[in-house]
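Novice: Next comes work_19.pdb, PDB, C-alpha atoms, pLDDT in the B column:
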```pdb
ATOM      1  CA  MET A 169      78.711  -9.114  -4.392  1.00 57.00           C
ATOM      2  CA  SER A 170      76.658 -11.247  -1.987  1.00 62.00           C
ATOM      3  CA  GLU A 171      78.397  -9.475   0.924  1.00 70.00           C
ATOM      4  CA  ASN A 172      77.014  -6.130  -0.300  1.00 85.00           C
ATOM      5  CA  LYS A 173      73.482  -7.531  -0.463  1.00 84.00           C
ATOM      6  CA  ALA A 174      73.759  -8.847   3.099  1.00 84.00           C
ATOM      7  CA  GLU A 175      75.092  -5.509   4.349  1.00 85.00           C
ATOM      8  CA  VAL A 176      72.309  -3.603   2.616  1.00 86.00           C
ATOM      9  CA  LEU A 177      69.697  -5.984   4.047  1.00 87.00           C
ATOM     10  CA  VAL A 178      71.062  -5.663   7.603  1.00 86.00           C
ATOM     11  CA  GLY A 179      71.298  -1.871   7.208  1.00 86.00           C
ATOM     12  CA  ALA A 180      67.679  -1.672   6.028  1.00 86.00           C
ATOM     13  CA  LEU A 181      66.553  -3.817   8.965  1.00 86.00           C
ATOM     14  CA  VAL A 182      68.402  -1.610  11.465  1.00 88.00           C
ATOM     15  CA  LEU A 183      66.923   1.518   9.852  1.00 88.00           C
ATOM     16  CA  ALA A 184      63.383   0.061  10.007  1.00 88.00           C
ATOM     17  CA  VAL A 185      63.793  -0.790  13.704  1.00 88.00           C
ATOM     18  CA  ALA A 186      65.116   2.729  14.403  1.00 87.00           C
ATOM     19  CA  VAL A 187      62.164   4.372  12.626  1.00 86.00           C
ATOM     20  CA  GLY A 188      59.742   2.141  14.526  1.00 84.00           C
ATOM     21  CA  PHE A 189      61.372   3.058  17.825  1.00 83.00           C
ATOM     22  CA  VAL A 190      61.189   6.795  17.072  1.00 81.00           C
ATOM     23  CA  ALA A 191      57.518   6.510  16.089  1.00 78.00           C
ATOM     24  CA  TYR A 192      56.713   4.549  19.266  1.00 76.00           C
ATOM     25  CA  ALA A 193      58.631   6.988  21.474  1.00 75.00           C
ATOM     26  CA  GLY A 194      56.896   9.965  19.858  1.00 69.00           C
ATOM     27  CA  LYS A 195      53.442   8.465  20.321  1.00 66.00           C
ATOM     28  CA  THR A 196      54.161   7.448  23.924  1.00 63.00           C
ATOM     29  CA  THR A 197      55.435  10.889  24.919  1.00 61.00           C
ATOM     30  CA  GLY A 198      52.719  12.742  23.013  1.00 57.00           C
ATOM     31  CA  LEU A 199      55.050  14.353  20.475  1.00 58.00           C
ATOM     32  CA  THR A 200      53.177  13.084  17.451  1.00 51.00           C
ATOM     33  CA  GLY A 201      49.800  14.400  16.419  1.00 55.00           C
ATOM     34  CA  GLY A 202      47.250  11.883  17.627  1.00 58.00           C
ATOM     35  CA  GLY A 203      44.233  13.851  16.482  1.00 71.00           C
ATOM     36  CA  ALA A 204      42.570  17.159  17.140  1.00 90.00           C
ATOM     37  CA  GLU A 205      42.728  18.745  20.587  1.00 92.00           C
ATOM     38  CA  TYR A 206      41.298  21.813  22.285  1.00 95.00           C
ATOM     39  CA  ALA A 207      42.805  23.984  25.018  1.00 95.00           C
ATOM     40  CA  LEU A 208      41.516  24.630  28.535  1.00 95.00           C
ATOM     41  CA  ASN A 209      42.965  26.894  31.247  1.00 95.00           C
ATOM     42  CA  ALA A 210      43.352  26.508  35.002  1.00 95.00           C
ATOM     43  CA  SER A 211      45.006  28.457  37.809  1.00 94.00           C
ATOM     44  CA  PHE A 212      46.808  26.679  40.663  1.00 93.00           C
ATOM     45  CA  ARG A 213      48.186  27.921  43.987  1.00 92.00           C
ATOM     46  CA  SER A 214      51.097  25.516  43.564  1.00 88.00           C
ATOM     47  CA  ALA A 215      52.112  23.597  40.439  1.00 89.00           C
ATOM     48  CA  ASP A 216      55.106  21.689  41.829  1.00 85.00           C
ATOM     49  CA  GLY A 217      56.087  18.761  39.635  1.00 85.00           C
ATOM     50  CA  VAL A 218      54.148  19.970  36.596  1.00 90.00           C
ATOM     51  CA  SER A 219      55.855  21.211  33.448  1.00 91.00           C
ATOM     52  CA  VAL A 220      55.143  21.520  29.740  1.00 93.00           C
ATOM     53  CA  GLY A 221      54.389  18.033  28.443  1.00 92.00           C
ATOM     54  CA  THR A 222      52.977  16.677  31.723  1.00 92.00           C
ATOM     55  CA  ASP A 223      50.089  14.241  31.207  1.00 93.00           C
ATOM     56  CA  VAL A 224      46.468  15.290  31.646  1.00 95.00           C
ATOM     57  CA  ARG A 225      44.352  12.314  32.733  1.00 95.00           C
ATOM     58  CA  LEU A 226      40.684  11.600  33.184  1.00 94.00           C
ATOM     59  CA  ALA A 227      39.780   8.378  35.058  1.00 92.00           C
ATOM     60  CA  GLY A 228      43.446   7.354  34.803  1.00 91.00           C
ATOM     61  CA  VAL A 229      43.502   7.604  31.003  1.00 93.00           C
ATOM     62  CA  LYS A 230      45.744  10.133  29.275  1.00 94.00           C
ATOM     63  CA  VAL A 231      43.528  12.580  27.386  1.00 95.00           C
ATOM     64  CA  GLY A 232      45.962  15.455  26.842  1.00 94.00           C
ATOM     65  CA  ARG A 233      49.044  17.267  28.041  1.00 94.00           C
ATOM     66  CA  VAL A 234      50.118  20.570  29.574  1.00 95.00           C
ATOM     67  CA  SER A 235      51.088  22.955  26.763  1.00 94.00           C
ATOM     68  CA  GLU A 236      51.970  26.104  28.733  1.00 95.00           C
ATOM     69  CA  LEU A 237      52.780  26.959  32.354  1.00 94.00           C
ATOM     70  CA  ARG A 238      53.490  30.484  33.569  1.00 95.00           C
ATOM     71  CA  LEU A 239      53.219  32.705  36.632  1.00 95.00           C
ATOM     72  CA  ASP A 240      50.399  35.246  36.747  1.00 93.00           C
ATOM     73  CA  PRO A 241      52.133  38.393  38.065  1.00 94.00           C
ATOM     74  CA  GLU A 242      48.882  39.838  39.457  1.00 94.00           C
ATOM     75  CA  THR A 243      47.649  36.851  41.469  1.00 93.00           C
ATOM     76  CA  TYR A 244      50.967  34.992  41.971  1.00 94.00           C
ATOM     77  CA  ARG A 245      49.294  31.788  40.869  1.00 94.00           C
ATOM     78  CA  ALA A 246      50.505  29.267  38.307  1.00 93.00           C
ATOM     79  CA  LYS A 247      48.450  29.563  35.123  1.00 95.00           C
ATOM     80  CA  ALA A 248      48.330  26.331  33.143  1.00 94.00           C
ATOM     81  CA  VAL A 249      47.093  25.807  29.614  1.00 95.00           C
ATOM     82  CA  PHE A 250      46.464  22.180  28.751  1.00 95.00           C
ATOM     83  CA  THR A 251      45.001  20.325  25.827  1.00 95.00           C
ATOM     84  CA  VAL A 252      42.275  17.691  25.815  1.00 95.00           C
ATOM     85  CA  ARG A 253      41.426  15.357  22.944  1.00 94.00           C
ATOM     86  CA  GLU A 254      38.566  16.677  20.848  1.00 93.00           C
ATOM     87  CA  ASP A 255      36.489  13.525  21.409  1.00 93.00           C
ATOM     88  CA  VAL A 256      36.530  14.077  25.216  1.00 93.00           C
ATOM     89  CA  ASN A 257      33.842  16.468  26.477  1.00 94.00           C
ATOM     90  CA  VAL A 258      34.613  17.893  29.917  1.00 94.00           C
ATOM     91  CA  PRO A 259      31.501  18.914  31.937  1.00 95.00           C
ATOM     92  CA  ASP A 260      31.540  22.600  32.938  1.00 93.00           C
ATOM     93  CA  ASP A 261      31.354  21.795  36.665  1.00 94.00           C
ATOM     94  CA  SER A 262      34.500  19.645  36.607  1.00 95.00           C
ATOM     95  CA  ALA A 263      37.516  20.178  38.849  1.00 94.00           C
ATOM     96  CA  VAL A 264      41.219  19.891  38.089  1.00 95.00           C
ATOM     97  CA  ALA A 265      43.851  18.720  40.564  1.00 93.00           C
ATOM     98  CA  ILE A 266      47.568  18.051  40.484  1.00 91.00           C
ATOM     99  CA  SER A 267      47.938  14.451  41.598  1.00 89.00           C
ATOM    100  CA  SER A 268      50.919  12.227  42.284  1.00 85.00           C
ATOM    101  CA  GLU A 269      51.553   8.798  40.790  1.00 82.00           C
ATOM    102  CA  GLY A 270      52.977   7.608  44.109  1.00 72.00           C
ATOM    103  CA  LEU A 271      55.860   8.223  46.475  1.00 69.00           C
ATOM    104  CA  LEU A 272      58.507   8.074  43.775  1.00 71.00           C
ATOM    105  CA  GLY A 273      56.363   8.825  40.738  1.00 73.00           C
ATOM    106  CA  GLY A 274      55.841  12.141  39.034  1.00 83.00           C
ATOM    107  CA  ASN A 275      52.841  14.432  39.078  1.00 88.00           C
ATOM    108  CA  TYR A 276      50.075  14.733  36.513  1.00 92.00           C
ATOM    109  CA  VAL A 277      47.005  16.912  35.998  1.00 94.00           C
ATOM    110  CA  GLU A 278      43.801  15.061  36.837  1.00 95.00           C
ATOM    111  CA  ILE A 279      40.391  16.091  35.548  1.00 95.00           C
ATOM    112  CA  MET A 280      37.605  15.137  37.961  1.00 95.00           C
ATOM    113  CA  PRO A 281      34.411  15.346  35.891  1.00 94.00           C
ATOM    114  CA  GLY A 282      31.243  16.836  37.250  1.00 91.00           C
ATOM    115  CA  GLY A 283      27.680  15.912  36.378  1.00 92.00           C
ATOM    116  CA  SER A 284      26.636  18.917  34.308  1.00 92.00           C
ATOM    117  CA  PRO A 285      25.015  18.320  30.912  1.00 94.00           C
ATOM    118  CA  PHE A 286      26.967  21.331  29.576  1.00 95.00           C
ATOM    119  CA  TYR A 287      30.603  21.190  28.504  1.00 95.00           C
ATOM    120  CA  PHE A 288      33.602  23.508  28.461  1.00 94.00           C
ATOM    121  CA  ALA A 289      34.305  25.248  25.172  1.00 93.00           C
ATOM    122  CA  PRO A 290      37.851  25.608  23.830  1.00 94.00           C
ATOM    123  CA  GLY A 291      39.728  28.285  25.776  1.00 93.00           C
ATOM    124  CA  ASP A 292      37.464  28.183  28.859  1.00 94.00           C
ATOM    125  CA  GLU A 293      38.960  28.326  32.349  1.00 94.00           C
ATOM    126  CA  ILE A 294      38.256  25.657  34.952  1.00 93.00           C
ATOM    127  CA  GLU A 295      37.553  27.429  38.245  1.00 93.00           C
ATOM    128  CA  PHE A 296      37.686  24.507  40.671  1.00 91.00           C
ATOM    129  CA  THR A 297      41.346  23.601  41.128  1.00 92.00           C
ATOM    130  CA  GLN A 298      43.586  21.968  43.704  1.00 89.00           C
ATOM    131  CA  GLY A 299      47.329  22.539  43.621  1.00 85.00           C
ATOM    132  CA  SER A 300      50.029  20.020  44.333  1.00 79.00           C
ATOM    133  CA  VAL A 301      50.690  18.796  47.852  1.00 74.00           C
ATOM    134  CA  SER A 302      54.293  18.796  49.018  1.00 70.00           C
ATOM    135  CA  LEU A 303      55.339  15.359  50.221  1.00 71.00           C
ATOM    136  CA  VAL A 304      58.150  16.906  52.293  1.00 71.00           C
ATOM    137  CA  SER A 305      55.647  19.148  54.144  1.00 74.00           C
ATOM    138  CA  LEU A 306      53.406  16.194  54.915  1.00 73.00           C
ATOM    139  CA  LEU A 307      56.327  14.143  56.216  1.00 78.00           C
ATOM    140  CA  MET A 308      57.523  17.048  58.375  1.00 82.00           C
ATOM    141  CA  LYS A 309      54.035  17.426  59.895  1.00 82.00           C
ATOM    142  CA  PHE A 310      53.920  13.705  60.588  1.00 81.00           C
ATOM    143  CA  VAL A 311      57.374  13.648  62.201  1.00 86.00           C
ATOM    144  CA  SER A 312      56.795  16.756  64.303  1.00 84.00           C
ATOM    145  CA  GLY A 313      53.306  15.709  65.371  1.00 77.00           C
ATOM    146  CA  SER A 314      49.977  17.196  64.475  1.00 63.00           C
ATOM    147  CA  GLU A 315      49.365  20.798  65.465  1.00 60.00           C
ATOM    148  CA  ASN A 316      45.670  20.082  66.038  1.00 55.00           C
ATOM    149  CA  ALA A 317      46.165  17.117  68.359  1.00 49.00           C
ATOM    150  CA  PRO A 318      44.892  17.625  71.923  1.00 50.00           C
ATOM    151  CA  ALA A 319      47.636  18.258  74.480  1.00 47.00           C
ATOM    152  CA  ASP A 320      48.370  15.575  77.062  1.00 45.00           C
ATOM    153  CA  GLN A 321      47.046  16.521  80.463  1.00 44.00           C
TER
END
```
Rewrite the coordinates I just gave you, this time as structure tokens.
Specialist:
Amino acid sequence: MSENKAEVLVGALVLAVAVGFVAYAGKTTGLTGGGAEYALNASFRSADGVSVGTDVRLAGVKVGRVSELRLDPETYRAKAVFTVREDVNVPDDSAVAISSEGLLGGNYVEIMPGGSPFYFAPGDEIEFTQGSVSLVSLLMKFVSGSENAPADQ
């Protein structure tokens, strides 16, 4: 009988640890509801490295995530819909860029706030955008030499 109690106790402990891990993983990846959010839109020339679920950061702090990414068939630009926490007001002269965490890190969407006293409303589109920069292109330009460098005479 005491063996059954020990097994039940160990089983309950394992189950509690598993539930805690799932809750932590959900909160870390943004799968759980952490409060109210509102959507903003942006259009990028290139959205390499960005997908649904990619972090949206302001001053290095995660404030949302990309919820939709699609190609606009008329402009051939990547249209992104992303969410921002309701308690974060984004000035209406802000810019959005796709930034890299480093050489081996992934990309994220960075909000660069402006100084306007007015804020974006839910569903507004941010006009000032900068797409992702291809690391391979930059390395190829560096290896091959700059096209704008003066010729040796």
Novice: Find the spatial neighbours of Tyr206 of chain A, counting only C-alpha atoms, within a cut-off of 8 Å - ignore same-chain residues fewer than 4 positions away - and output them as a list in words.
Specialist: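 Answer for this query is Thr251, Val252, Arg253, Glu254, Pro290 and Gly291 of chain A.
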Novice: Taking all atoms listed in the file into account, name the residue in A:Ile266, A:Val256, A:Met308, A:Val229 that is nearest to Glu205 of chain A.
Specialist: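 The shortest atom-to-atom distance to Glu205 of chain A comes from A:Val256.
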Novice: In terms of the shortest atom-to-atom distance over all atoms listed in the file, which of A:Glu175, A:Asp260, A:Glu236, A:Asp255 is closest to Thr222 of chain A?
Specialist: A:Glu236
Novice: For Phe250 of chain A, work out the shell of residues within 12 Å, counting only C-alpha atoms and skipping chain neighbours fewer than 2 positions away, then give it as a ChimeraX atom specification.
Specialist: /A:205-211,218-225,231-238,247-248,252-253,264,276-279,290-294
Novice: Rank nothing, just name the residue among A:Ala193, A:Leu226, A:Phe212, A:Val176 nearest to Gln298 of chain A, using all atoms listed in the file.
Specialist: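 Among the listed residues, the smallest separation from Gln298 of chain A belongs to A:Phe212.
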Novice: Calculate how many Å separate atom CA of Ser214 of chain A from atom CA of Gly299 of chain A, rounding to one decimal.
Specialist: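 Calculated distance between atom CA of Ser214 of chain A and atom CA of Gly299 of chain A is 4.8 Å.
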Novice: Have a look at atom CA of Pro281 of chain A and atom CA of Gly228 of chain A and let me know their distance in Å, one decimal.
Specialist: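 Computing the Euclidean distance for atom CA of Pro281 of chain A and atom CA of Gly228 of chain A yields 12.1 Å.
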Novice: Quick one, how far is atom CA of Ser284 of chain A from atom CA of Asp261 of chain A?
Specialist: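 So the two atoms, atom CA of Ser284 of chain A and atom CA of Asp261 of chain A, lie 6.0 Å apart.
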Novice: Would you mind telling me which residue in A:Val190, A:Ser262, A:Arg213, A:Val301 lies nearest to Thr243 of chain A when using all atoms listed in the file?
Specialist: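 Closest residue, counting all atoms listed in the file: A:Arg213.
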Novice: Using only C-alpha atoms, which residues sit within 6 Å of Asn275 of chain A once same-chain residues fewer than 3 positions away are excluded, as a list in words?
Specialist: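 Here the answer would be Gly217, Ser267 and Ser268 of chain A.
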Novice: Could you tell me, as a list in words, which residues have any atom at most 7 Å from (32.2, 18.5, 28.8), counting all atoms listed in the file?
Specialist: Asn257, Val258, Pro259, Asp260, Phe286, Tyr287 and Phe288 of chain A
Novice: Report as AutoDock Vina command-line options the centre and the edge lengths, in Å to one decimal, of the axis-aligned box holding every listed atom of segment 248-261 of chain A, padded by 3 Å on each side.
Specialist:
```
--center_x 39.8 --center_y 19.9 --center_z 28.8 --size_x 23.0 --size_y 18.8 --size_z 21.8
```
Novice: Have a look at A:Ala184, A:Leu239, A:Leu303, A:Val311 and name the one nearest to Gly270 of chain A; count only C-alpha atoms.
Specialist: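 Looking at the shortest contact to Gly270 of chain A, the residue is A:Leu303.
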